[in-house]
Structures are given as structure tokens and as C-alpha cells.
Amino acid sequence: MRLPVYYLLLLAALFPVWTSPAMVPEHTIQNGVVSLVGVGPDNPILYDNDFWTDVPDAAYLWMKVSLGEAKLVGNIITRCTFGWEEKYAHELRQQTDEAAKLLRLARESGLKNIPEPVVGSTVAIRRPPGDKESDTAFERTEGSALIIAEAKKATPEKPLLVFVGGSCTTIASAFLAEPSITERIVVFQVDGGGYNGSDQWAWDITRRHFKFVNWARGYFWGNVSVWPEARFKELPENPLGGFLRGYAASDLGKANQWGDGAWLFQLFAPGCITAVEDDDQQGITVPRHGNNTRAMEDEFFRTMKTPHTQEIILPSTIKPVVSTVTGLLLEPPVDLSKFTREEFLRVSASVGPHKINKPWTTAIPALPPHPRSDVHGLDEREIRACMLQARDLFEKGAAVPVSDVGLISTQEDVIRRPMFNHVSAFSNEVAHVYLLVQKPAGADAWGTFSIVQDRTTNPPLNYFAEIKGSEVRFEAVSCYKCHANGPLAVHPARGDLINDAALLKAFNQHIGDQPLSRMHYPPHDPAPAYGDPLTLKACTKCHANDADRAPLFKVHSHSIRVLVDYGHMPPARPLRPEELAEIKAWLAVKP
């Protein structure tokens, strides 16, 4: 779904329905509650949409999954086909980026068990001459294969529920590839007068062969509801809640409102839809008077406000940090065997006990929305403001820090004694903001450092700075030595030298989801010539100009030596002897 209501109503006349016999879903209506035979909250679900951040129902469904209340077996991204006969109105990349963004926000807010989205159809299905279905050309995609595989696991008595929020291209392609799946699937779609039927031939095929359940034939949300923008203030203060508050206030949000979610709300809260009627003998549809939008609203907010049970991970379950004796380390590993957890907790608390070891519901708290609309590139004043805001939140005890003794900052030629860290992260629509409060054992004062990742540029731009009082001094060269791609995952020097293992896991997931980024060099700290990057294939799968992480240079030798030797990198497997020899030879040559 994408266009607001006035486009959708106009399109109703542009896409006439070709009627033919179909499997009309069996249903009953008792006391204003619509029930579909064989359909309930325990059915397997596939969610198939084009755009993912112009409607709130995907976030709602993912919350249901995270709470253990829905059996979501997959998410499918189907290209928006509007305008396809002349020129597609939207690029597929827009839709895949939106799905990735929503997934990131959900995971940063603590949601779990969400299947990774896969791509479905990337082009519309063209109607063949003579309207002969068997002559229809179609794509076989990961999305259509997923539909087929999950349908075969379902039964006619307990079918797979496919919720389609865009065109029916992927579900129609699945049928063309495997016609036997039709009796094991019920398709739900928000028609909205025609926009989601812009792939007309796919829409015809789907309605003709599947049990088809429609919503909003000839009307849209503005005709049946008043958008409750103010209620979104009830949502938790986390990245997903912040995003949904922004969505609720946007023109797109006010037009699309509950979007593709009518039948999803009804699935989990019977009574949201109170009446259905025949849809040209090819399914059923919801008439205008059949919507209880207040029930939908209450179900949405009840679900989205449900607190998650915080995951408990004992420090003893964290894999011990031990050198793998690669020969890469320049110095023997630091011996911390006599350093106790009690000492770690005592020194960590000297930063101010009210600032750390706090209960949390989200690992990445939300920052207030950015005041400048349609921003493309933050200026240094805005970067400084983000950094000071993060520092102030920490000082007030409003942050959620991971506290540890750091492996990277303790080993090798950097400190070689316990280094105490408190690391917090925040985000809003324009920036990811990180704060590091740090000191080595034996020091009196805590130093404060910050990274702001400007997410309005492509690729994102990382700013580093030290904060002293109200002064923010940008740095680059010394920071880049450990931060090839901006923020770095937290690696404790020992499994029990961490305050909250569950928070560590969630924080590192946030770091792991970041894209390729680049370094900001201020005029007083320009980039020197770093020479040629590392070309070892085991590393360049991730670290390259066309990969997920920035290239590695010899300036990064400290992090390379420590992370490889302690088994953190590469993440998939240890380096083989010949690969270790190659990396040693490369490190031995001076830049």
C-alpha cells in the first residue's frame, strides 16, 4: 500500500473485476463477530507487502510474534507494480530498504523471532493473448518458493494465511508454479479501490483460484475512522515506538491509517470486523459498515504496549575469551586471572552507581525526533548537540549502558591493564548516537567519548569526538585505528567482566545490523595515506567498498590482531593456517 485515499478511489474505475467461479471462504456471523472456517490465531501466517513503513500493521504482527502470540513463517517483499505498463512508480530497492529499516527498529526495541524478509516478484505478470493462464510468463522467486513450501506444510483444515498488502504478483506466481497449493491457502488483501490490484492479471488469477478475503471495496480508511494520532504517545520510548509516533503524524500515516491490517486485527481480536458480503462470487469483502475501528485501535495499542520479558543470560554461559595462539599477538595475552568480578563491579560503580546496572525494556533508547525535516546531511552543530544529549542522558541516569572490561582496549599495545567501559546507544530517524565513558585501572577520572552516525547520508557518515564539559572536540585519525566502520561491537575481556549479558547481546545485534559507513575527518585532523587495503578473501567478504563493512588497512592492525587471535573474526570460522600466513605477511610490510 502506498497512495492516499483520493488516488485509491480514483483507481476503482481503472481496474474492472473479471468475474469467474472461485472458492468463496466459508464463514459465519454471530453477534456481530465474523468467523472464517479453519482460520484462527494459531494458523501459520505469511506477510507479503510492498512498502513496510507506510502502515503500522507489520510492526503489530511482529510484536505478536515476539510475544509468542502469532505463528509467522515468513515475510515477503513484493515489488509495488503501480504504473508498471508504462513505468514503475517505485524502485524495488525502496521497498527492500523499508523492510530492512522496520526490522532494524523492531530488533533494536527488543522484538525477537522475526523471520528475515525475502524478495518475491520483482516484475508484474503480463496478461497473455487470449487470457490463457497456462501461457502466462512468471518469475520463480524466493518469495514464491516460500509460499509453496509453507502451503505444503499446511492443510485445508488449518490453511496457511497469506496477508497481501500490495499486489498479488508473488502469490499468483506461486499458484502458476504449483497449482495444488490453492486448497491450503487463504489470501487476505486490502484492495482500497484498485491500487493493490494494479497487477490486474495477478489479481484475477489470485481471486479466481484461492479463498479470497478482501477489505475496502469502494472506500478507504478516512470513510470509516478518525485517526487517533494522540494515542501513539502511549507507545514505549524505544526506536519502534518513536518511529510509529512519527508515522502517525505524517500525511502518509493520516491517509493510510491502519493500512493493510484490518484482517490481521480481526484474526487476533474477533469483533474488529462485524460484517462481510459477497465479492462478485470470487470471495468476500468487508462493507463500509462492517468495520469496528475502535476495536482495531484498542487491539493495536494493547499489543504494542505489552512489555517484553527481559531475556536472562548468565555470565557463566558466555564463551570464555581465550587466545587461539595464532602468533598474531605482539605481546602475551594480559593475565586477568586475579582480577575478580567484585573488583570489576566496585570500580565500575565509581562512575556513579545510579548511572549503571539499570533495568531496561529496550537496548537502544529513542532520542526525540530531529527538528529539521527532510534533512540530508547533519551539520557539525547538530552532531555536537546529539553527543551532548547522549552525555546528559548518561549523567542523569537515563541511559542503558553496557558495562565491561574491554578486550580491545585492554590487550596488546594499547593499555595492557583493565580498561573499564560504559557504552550506551540511542537512535532516532536521522542518527545513531553512541556514548563511551571509560577509564583504565588506577586512573581517577572517567573520560567521555561519542560517535554519531549520520544516517541521512549514503553511506552513513561517522563522527568521533571527545567530550570535556561543554566542549566537543572532533577527532578522527586516532579513533579510526580501532573503528574501521564506525561503532565497534563490545567484546568483554572475560565472560564475567560484564554487567548484563542480555543487554550486551542486544547491543551487539544493533551494531551488527549497521551498514557500510565512512569516516568524517575534520580539517584539523585530516586522513593520511593509508596504503592498500587488506585483500584476504576471508576478510573482504565483509570488509570492502562493495560489502557491508569498510575496507581494512594496516592502521587497523591492533584490532585485526586481537579480534582474529581471540576468535571473534572472521565471525563464521577461524582462519586456516595459509590464511594466517597471508595476513601475517601483509601486516609485516610497513605502509
# chains A, B, ... in the order shown; residues from 1 in each chain; ligands from 1
call {"tool": "residues_around", "arguments": {"residues": "Val375 in chain A", "least_positions_apart": "6", "cutoff": "12 Å", "atoms": "only C-alpha atoms", "output": "VMD selection string"}}
result
chain A and resid 369 382 429 to 431 454 to 457
call {"tool": "residues_around", "arguments": {"residues": "Asp392 in chain A", "least_positions_apart": "6", "cutoff": "12 Å", "atoms": "only C-alpha atoms", "output": "list of chain:residue names"}}
result
A:Lys355, A:Ala385, A:Cys386, A:Ala398, A:Ala399, A:Ser424, A:Leu435, A:Val437, A:Thr448, A:Ser450, A:Ile467, A:Gly469, A:Ser470
call {"tool": "residues_around", "arguments": {"residues": "range 231-240 of chain A", "least_positions_apart": "6", "cutoff": "7 Å", "atoms": "only C-alpha atoms", "output": "PDB file with all heavy atoms, in the first residue's frame"}}
result
ATOM      1  N   LEU A 105      14.510  -1.433  13.452  1.00  0.00           N
ATOM      2  CA  LEU A 105      13.837  -0.739  14.544  1.00  0.00           C
ATOM      3  C   LEU A 105      13.201  -1.737  15.505  1.00  0.00           C
ATOM      4  O   LEU A 105      13.240  -1.556  16.729  1.00  0.00           O
ATOM      5  CB  LEU A 105      12.771   0.204  13.984  1.00  0.00           C
ATOM      6  CG  LEU A 105      13.275   1.407  13.186  1.00  0.00           C
ATOM      7  CD1 LEU A 105      12.122   2.110  12.499  1.00  0.00           C
ATOM      8  CD2 LEU A 105      14.025   2.376  14.090  1.00  0.00           C
ATOM      9  N   ALA A 106      12.601  -2.797  14.951  1.00  0.00           N
ATOM     10  CA  ALA A 106      11.956  -3.800  15.794  1.00  0.00           C
ATOM     11  C   ALA A 106      12.982  -4.508  16.670  1.00  0.00           C
ATOM     12  O   ALA A 106      12.777  -4.687  17.883  1.00  0.00           O
ATOM     13  CB  ALA A 106      11.199  -4.800  14.926  1.00  0.00           C
ATOM     14  N   GLU A 108      15.984  -3.453  17.520  1.00  0.00           N
ATOM     15  CA  GLU A 108      16.548  -2.517  18.489  1.00  0.00           C
ATOM     16  C   GLU A 108      15.606  -2.300  19.668  1.00  0.00           C
ATOM     17  O   GLU A 108      16.042  -1.922  20.757  1.00  0.00           O
ATOM     18  CB  GLU A 108      16.846  -1.177  17.810  1.00  0.00           C
ATOM     19  CG  GLU A 108      18.020  -1.218  16.854  1.00  0.00           C
ATOM     20  CD  GLU A 108      18.175   0.068  16.072  1.00  0.00           C
ATOM     21  OE1 GLU A 108      17.384   1.009  16.319  1.00  0.00           O
ATOM     22  OE2 GLU A 108      19.071   0.137  15.218  1.00  0.00           O
ATOM     23  N   SER A 109      14.333  -2.529  19.458  1.00  0.00           N
ATOM     24  CA  SER A 109      13.331  -2.352  20.508  1.00  0.00           C
ATOM     25  C   SER A 109      13.061  -3.637  21.270  1.00  0.00           C
ATOM     26  O   SER A 109      12.133  -3.696  22.087  1.00  0.00           O
ATOM     27  CB  SER A 109      12.029  -1.822  19.885  1.00  0.00           C
ATOM     28  OG  SER A 109      12.260  -0.607  19.207  1.00  0.00           O
ATOM     29  N   MET A 304       0.928  -3.328  21.316  1.00  0.00           N
ATOM     30  CA  MET A 304       2.197  -2.606  21.210  1.00  0.00           C
ATOM     31  C   MET A 304       2.704  -2.102  22.552  1.00  0.00           C
ATOM     32  O   MET A 304       3.895  -1.801  22.699  1.00  0.00           O
ATOM     33  CB  MET A 304       2.054  -1.426  20.243  1.00  0.00           C
ATOM     34  CG  MET A 304       1.650  -1.804  18.825  1.00  0.00           C
ATOM     35  SD  MET A 304       2.719  -3.044  18.041  1.00  0.00           S
ATOM     36  CE  MET A 304       4.240  -2.119  17.860  1.00  0.00           C
ATOM     37  N   LYS A 305       1.839  -2.028  23.543  1.00  0.00           N
ATOM     38  CA  LYS A 305       2.244  -1.571  24.874  1.00  0.00           C
ATOM     39  C   LYS A 305       2.593  -2.718  25.803  1.00  0.00           C
ATOM     40  O   LYS A 305       2.999  -2.497  26.940  1.00  0.00           O
ATOM     41  CB  LYS A 305       1.126  -0.732  25.500  1.00  0.00           C
ATOM     42  CG  LYS A 305       0.915   0.606  24.818  1.00  0.00           C
ATOM     43  CD  LYS A 305      -0.431   1.215  25.161  1.00  0.00           C
ATOM     44  CE  LYS A 305      -0.601   1.474  26.622  1.00  0.00           C
ATOM     45  NZ  LYS A 305      -1.905   2.111  26.923  1.00  0.00           N
ATOM     46  N   THR A 362      14.349  -1.647  26.429  1.00  0.00           N
ATOM     47  CA  THR A 362      14.922  -1.570  25.094  1.00  0.00           C
ATOM     48  C   THR A 362      16.411  -1.291  25.219  1.00  0.00           C
ATOM     49  O   THR A 362      16.824  -0.468  26.047  1.00  0.00           O
ATOM     50  CB  THR A 362      14.253  -0.477  24.243  1.00  0.00           C
ATOM     51  OG1 THR A 362      14.936  -0.367  22.984  1.00  0.00           O
ATOM     52  CG2 THR A 362      14.280   0.878  24.924  1.00  0.00           C
ATOM     53  N   ILE A 364      18.259   0.053  22.955  1.00  0.00           N
ATOM     54  CA  ILE A 364      18.622   1.275  22.229  1.00  0.00           C
ATOM     55  C   ILE A 364      17.499   2.294  22.443  1.00  0.00           C
ATOM     56  O   ILE A 364      16.532   2.371  21.672  1.00  0.00           O
ATOM     57  CB  ILE A 364      18.800   1.002  20.716  1.00  0.00           C
ATOM     58  CG1 ILE A 364      19.631  -0.263  20.488  1.00  0.00           C
ATOM     59  CG2 ILE A 364      19.441   2.211  20.030  1.00  0.00           C
ATOM     60  CD1 ILE A 364      21.053  -0.206  21.017  1.00  0.00           C
ATOM     61  N   PRO A 365      17.564   3.100  23.497  1.00  0.00           N
ATOM     62  CA  PRO A 365      16.501   4.073  23.745  1.00  0.00           C
ATOM     63  C   PRO A 365      16.362   5.073  22.594  1.00  0.00           C
ATOM     64  O   PRO A 365      17.328   5.377  21.888  1.00  0.00           O
ATOM     65  CB  PRO A 365      16.955   4.774  25.026  1.00  0.00           C
ATOM     66  CG  PRO A 365      17.929   3.830  25.662  1.00  0.00           C
ATOM     67  CD  PRO A 365      18.604   3.116  24.539  1.00  0.00           C
ATOM     68  N   ALA A 366      15.151   5.578  22.430  1.00  0.00           N
ATOM     69  CA  ALA A 366      14.880   6.530  21.351  1.00  0.00           C
ATOM     70  C   ALA A 366      15.271   7.943  21.775  1.00  0.00           C
ATOM     71  O   ALA A 366      15.049   8.353  22.920  1.00  0.00           O
ATOM     72  CB  ALA A 366      13.410   6.488  20.973  1.00  0.00           C
ATOM     73  N   SER A 427      18.963   6.235  19.312  1.00  0.00           N
ATOM     74  CA  SER A 427      18.706   6.454  17.885  1.00  0.00           C
ATOM     75  C   SER A 427      17.427   7.246  17.681  1.00  0.00           C
ATOM     76  O   SER A 427      16.532   7.266  18.535  1.00  0.00           O
ATOM     77  CB  SER A 427      18.596   5.111  17.140  1.00  0.00           C
ATOM     78  OG  SER A 427      17.383   4.458  17.444  1.00  0.00           O
ATOM     79  N   ASN A 428      17.371   7.925  16.560  1.00  0.00           N
ATOM     80  CA  ASN A 428      16.128   8.463  16.025  1.00  0.00           C
ATOM     81  C   ASN A 428      16.183   8.302  14.512  1.00  0.00           C
ATOM     82  O   ASN A 428      17.011   7.546  13.994  1.00  0.00           O
ATOM     83  CB  ASN A 428      15.885   9.913  16.460  1.00  0.00           C
ATOM     84  CG  ASN A 428      16.985  10.867  16.027  1.00  0.00           C
ATOM     85  OD1 ASN A 428      17.780  10.544  15.128  1.00  0.00           O
ATOM     86  ND2 ASN A 428      17.051  12.037  16.639  1.00  0.00           N
TER      87      ASN A 428
END
call {"tool": "residues_around", "arguments": {"residues": "Glu229 in chain A", "least_positions_apart": "3", "cutoff": "8 Å", "atoms": "only C-alpha atoms", "output": "ChimeraX atom specification"}}
result
/A:232,245,248-249
call {"tool": "write_last_selection", "arguments": {"atoms": "C-alpha atoms", "output": "PDB file, in the first residue's frame"}}
result
ATOM      1  CA  PHE A 232       0.624   6.970  19.760  1.00  0.00           C
ATOM      2  CA  ARG A 245       4.748   8.271  16.545  1.00  0.00           C
ATOM      3  CA  ALA A 248       1.095   8.739  12.964  1.00  0.00           C
ATOM      4  CA  ALA A 249       1.800  12.449  12.470  1.00  0.00           C
TER       5      ALA A 249
END
call {"tool": "residues_around", "arguments": {"residues": "range 257-272 of chain A", "least_positions_apart": "5", "cutoff": "7 Å", "atoms": "only C-alpha atoms", "output": "PyMOL selection string"}}
result
chain A and resi 32-34+40-41+55-57+165+190+221+227+291-293+295-296+299
call {"tool": "residues_around", "arguments": {"residues": "range 80-92 of chain A", "least_positions_apart": "5", "cutoff": "10 Å", "atoms": "only C-alpha atoms", "output": "PyMOL selection string"}}
result
chain A and resi 1-3+49-51+97+119+121-126+165-169+194-200
call {"tool": "write_last_selection", "arguments": {"atoms": "N, CA, C and O atoms", "output": "tab-separated table (two decimals), in the first residue's frame"}}
result
chain	number	residue	atom	x	y	z
A	1	MET	N	0.84	-1.18	0.00
A	1	MET	CA	0.00	0.00	0.00
A	1	MET	C	0.88	1.24	0.00
A	1	MET	O	1.91	1.27	0.64
A	2	ARG	N	0.46	2.28	-0.73
A	2	ARG	CA	1.29	3.48	-0.74
A	2	ARG	C	0.48	4.75	-0.90
A	2	ARG	O	0.64	5.69	-0.14
A	3	LEU	N	-0.41	4.81	-1.88
A	3	LEU	CA	-1.04	6.08	-2.20
A	3	LEU	C	-2.15	6.42	-1.23
A	3	LEU	O	-2.82	5.54	-0.69
A	49	ASN	N	4.15	-7.81	1.52
A	49	ASN	CA	3.83	-6.40	1.31
A	49	ASN	C	4.84	-5.77	0.37
A	49	ASN	O	5.90	-6.33	0.09
A	50	ASP	N	4.47	-4.59	-0.14
A	50	ASP	CA	5.39	-3.82	-0.96
A	50	ASP	C	6.14	-2.82	-0.07
A	50	ASP	O	7.32	-2.95	0.17
A	51	PHE	N	5.42	-1.83	0.45
A	51	PHE	CA	6.04	-0.87	1.37
A	51	PHE	C	5.76	-1.28	2.81
A	51	PHE	O	4.70	-1.79	3.13
A	97	ASP	N	14.61	-1.61	1.29
A	97	ASP	CA	15.19	-0.74	2.31
A	97	ASP	C	14.20	-0.49	3.44
A	97	ASP	O	14.58	-0.45	4.62
A	119	VAL	N	12.70	-11.68	-0.90
A	119	VAL	CA	12.14	-10.95	-2.03
A	119	VAL	C	11.25	-11.87	-2.85
A	119	VAL	O	11.62	-13.00	-3.18
A	121	SER	N	8.13	-11.36	-6.13
A	121	SER	CA	8.13	-10.94	-7.53
A	121	SER	C	8.69	-9.54	-7.68
A	121	SER	O	8.37	-8.63	-6.91
A	122	THR	N	9.50	-9.35	-8.71
A	122	THR	CA	10.13	-8.06	-8.98
A	122	THR	C	9.55	-7.39	-10.22
A	122	THR	O	9.90	-6.25	-10.51
A	123	VAL	N	8.69	-8.10	-10.97
A	123	VAL	CA	8.02	-7.53	-12.13
A	123	VAL	C	6.58	-8.01	-12.14
A	123	VAL	O	6.25	-9.06	-11.59
A	124	ALA	N	5.72	-7.23	-12.75
A	124	ALA	CA	4.31	-7.60	-12.85
A	124	ALA	C	4.14	-8.75	-13.84
A	124	ALA	O	4.99	-9.00	-14.70
A	125	ILE	N	3.01	-9.45	-13.71
A	125	ILE	CA	2.67	-10.53	-14.63
A	125	ILE	C	1.87	-9.94	-15.80
A	125	ILE	O	0.89	-9.24	-15.59
A	126	ARG	N	2.31	-10.24	-16.99
A	126	ARG	CA	1.64	-9.70	-18.18
A	126	ARG	C	0.56	-10.67	-18.64
A	126	ARG	O	0.77	-11.88	-18.74
A	165	GLY	N	-0.34	-7.02	1.31
A	165	GLY	CA	-0.53	-5.59	1.45
A	165	GLY	C	-0.20	-4.80	0.20
A	165	GLY	O	-0.25	-3.58	0.20
A	166	GLY	N	0.16	-5.50	-0.87
A	166	GLY	CA	0.46	-4.85	-2.14
A	166	GLY	C	-0.20	-5.62	-3.25
A	166	GLY	O	-1.33	-6.08	-3.13
A	167	SER	N	0.51	-5.79	-4.35
A	167	SER	CA	-0.02	-6.56	-5.47
A	167	SER	C	0.05	-8.06	-5.18
A	167	SER	O	0.85	-8.52	-4.36
A	168	CYS	N	-0.78	-8.82	-5.91
A	168	CYS	CA	-0.86	-10.27	-5.72
A	168	CYS	C	0.15	-11.03	-6.59
A	168	CYS	O	-0.01	-12.22	-6.84
A	169	THR	N	1.18	-10.36	-7.05
A	169	THR	CA	2.09	-10.96	-8.02
A	169	THR	C	2.78	-12.21	-7.50
A	169	THR	O	2.87	-13.22	-8.20
A	194	GLY	N	-8.35	-0.32	-5.83
A	194	GLY	CA	-7.64	-0.66	-7.04
A	194	GLY	C	-6.13	-0.55	-7.01
A	194	GLY	O	-5.47	-1.20	-7.81
A	195	TYR	N	-5.52	0.23	-6.10
A	195	TYR	CA	-4.06	0.39	-6.12
A	195	TYR	C	-3.35	-0.94	-5.96
A	195	TYR	O	-2.39	-1.24	-6.66
A	196	ASN	N	-3.85	-1.76	-5.04
A	196	ASN	CA	-3.22	-3.06	-4.82
A	196	ASN	C	-3.62	-4.08	-5.87
A	196	ASN	O	-3.15	-5.22	-5.82
A	197	GLY	N	-4.47	-3.68	-6.80
A	197	GLY	CA	-4.80	-4.54	-7.93
A	197	GLY	C	-4.16	-4.06	-9.21
A	197	GLY	O	-4.61	-4.42	-10.30
A	198	SER	N	-3.11	-3.26	-9.10
A	198	SER	CA	-2.50	-2.69	-10.30
A	198	SER	C	-1.84	-3.75	-11.18
A	198	SER	O	-1.69	-3.54	-12.38
A	199	ASP	N	-1.45	-4.89	-10.59
A	199	ASP	CA	-1.08	-6.04	-11.40
A	199	ASP	C	-2.37	-6.83	-11.62
A	199	ASP	O	-2.66	-7.81	-10.94
A	200	GLN	N	-3.14	-6.37	-12.60
A	200	GLN	CA	-4.50	-6.86	-12.79
A	200	GLN	C	-4.57	-8.37	-13.05
A	200	GLN	O	-5.42	-9.07	-12.51
call {"tool": "atom_distance", "arguments": {"atom1": "CA of Val162 in chain A", "atom2": "CA of Val286 in chain A"}}
result
17.3 Å
call {"tool": "select_by_dssp", "arguments": {"residues": "range 98-280 of chain A", "states": "alpha helix (DSSP H)", "output": "PyMOL selection string"}}
result
chain A and resi 98-108+142-153+169-177+200-209+239-249+251-256+262-268
call {"tool": "select_by_dssp", "arguments": {"residues": "range 155-186 of chain A", "states": "strand (DSSP E)", "output": "PyMOL selection string"}}
result
chain A and resi 160-164+185-186
call {"tool": "closest_residue", "arguments": {"among": "A:Asp548, A:Glu178, A:Glu183, A:Asp191", "to": "Val164 in chain A", "atoms": "only C-alpha atoms"}}
result
A:Asp191
call {"tool": "residues_around", "arguments": {"residues": "Glu582 in chain A", "least_positions_apart": "4", "cutoff": "10 Å", "atoms": "only C-alpha atoms", "output": "tab-separated table (two decimals) with N, CA and C atoms, in the first residue's frame"}}
result
chain	number	residue	atom	x	y	z
A	534	LEU	N	43.54	-4.56	2.99
A	534	LEU	CA	43.69	-6.00	3.12
A	534	LEU	C	42.87	-6.69	2.03
A	535	THR	N	43.47	-7.70	1.38
A	535	THR	CA	42.78	-8.38	0.28
A	535	THR	C	42.47	-9.84	0.58
A	536	LEU	N	42.71	-10.29	1.80
A	536	LEU	CA	42.42	-11.67	2.18
A	536	LEU	C	40.92	-11.93	2.00
A	576	ARG	N	42.33	-20.33	8.33
A	576	ARG	CA	43.17	-21.50	8.11
A	576	ARG	C	44.65	-21.10	8.19
A	577	PRO	N	45.55	-22.06	8.39
A	577	PRO	CA	46.99	-21.71	8.52
A	577	PRO	C	47.51	-20.88	7.36
A	578	GLU	N	47.13	-21.24	6.12
A	578	GLU	CA	47.63	-20.47	4.98
A	578	GLU	C	47.06	-19.04	4.96
A	586	TRP	N	51.14	-9.70	5.27
A	586	TRP	CA	50.60	-8.36	4.92
A	586	TRP	C	50.86	-7.37	6.05
A	587	LEU	N	50.66	-7.80	7.30
A	587	LEU	CA	50.89	-6.92	8.44
A	587	LEU	C	52.37	-6.57	8.61
A	588	ALA	N	53.25	-7.47	8.18
A	588	ALA	CA	54.69	-7.26	8.37
A	588	ALA	C	55.26	-6.19	7.45
call {"tool": "atom_distance", "arguments": {"atom1": "CA of Ala255 in chain A", "atom2": "CA of Arg294 in chain A"}}
result
17.0 Å
call {"tool": "atom_distance", "arguments": {"atom1": "CA of Lys584 in chain A", "atom2": "CA of Asn485 in chain A"}}
result
21.8 Å
call {"tool": "closest_residue", "arguments": {"among": "A:Ala581, A:Ala493, A:Ala547, A:Leu436", "to": "Ile408 in chain A", "atoms": "only C-alpha atoms"}}
result
A:Ala493
call {"tool": "closest_residue", "arguments": {"among": "A:Ala550, A:Val351, A:Leu504, A:Ala465", "to": "Asp444 in chain A", "atoms": "only C-alpha atoms"}}
result
A:Val351
call {"tool": "closest_residue", "arguments": {"among": "A:Gly110, A:Pro115, A:Pro128, A:Pro359", "to": "Leu46 in chain A", "atoms": "only C-alpha atoms"}}
result
A:Pro115
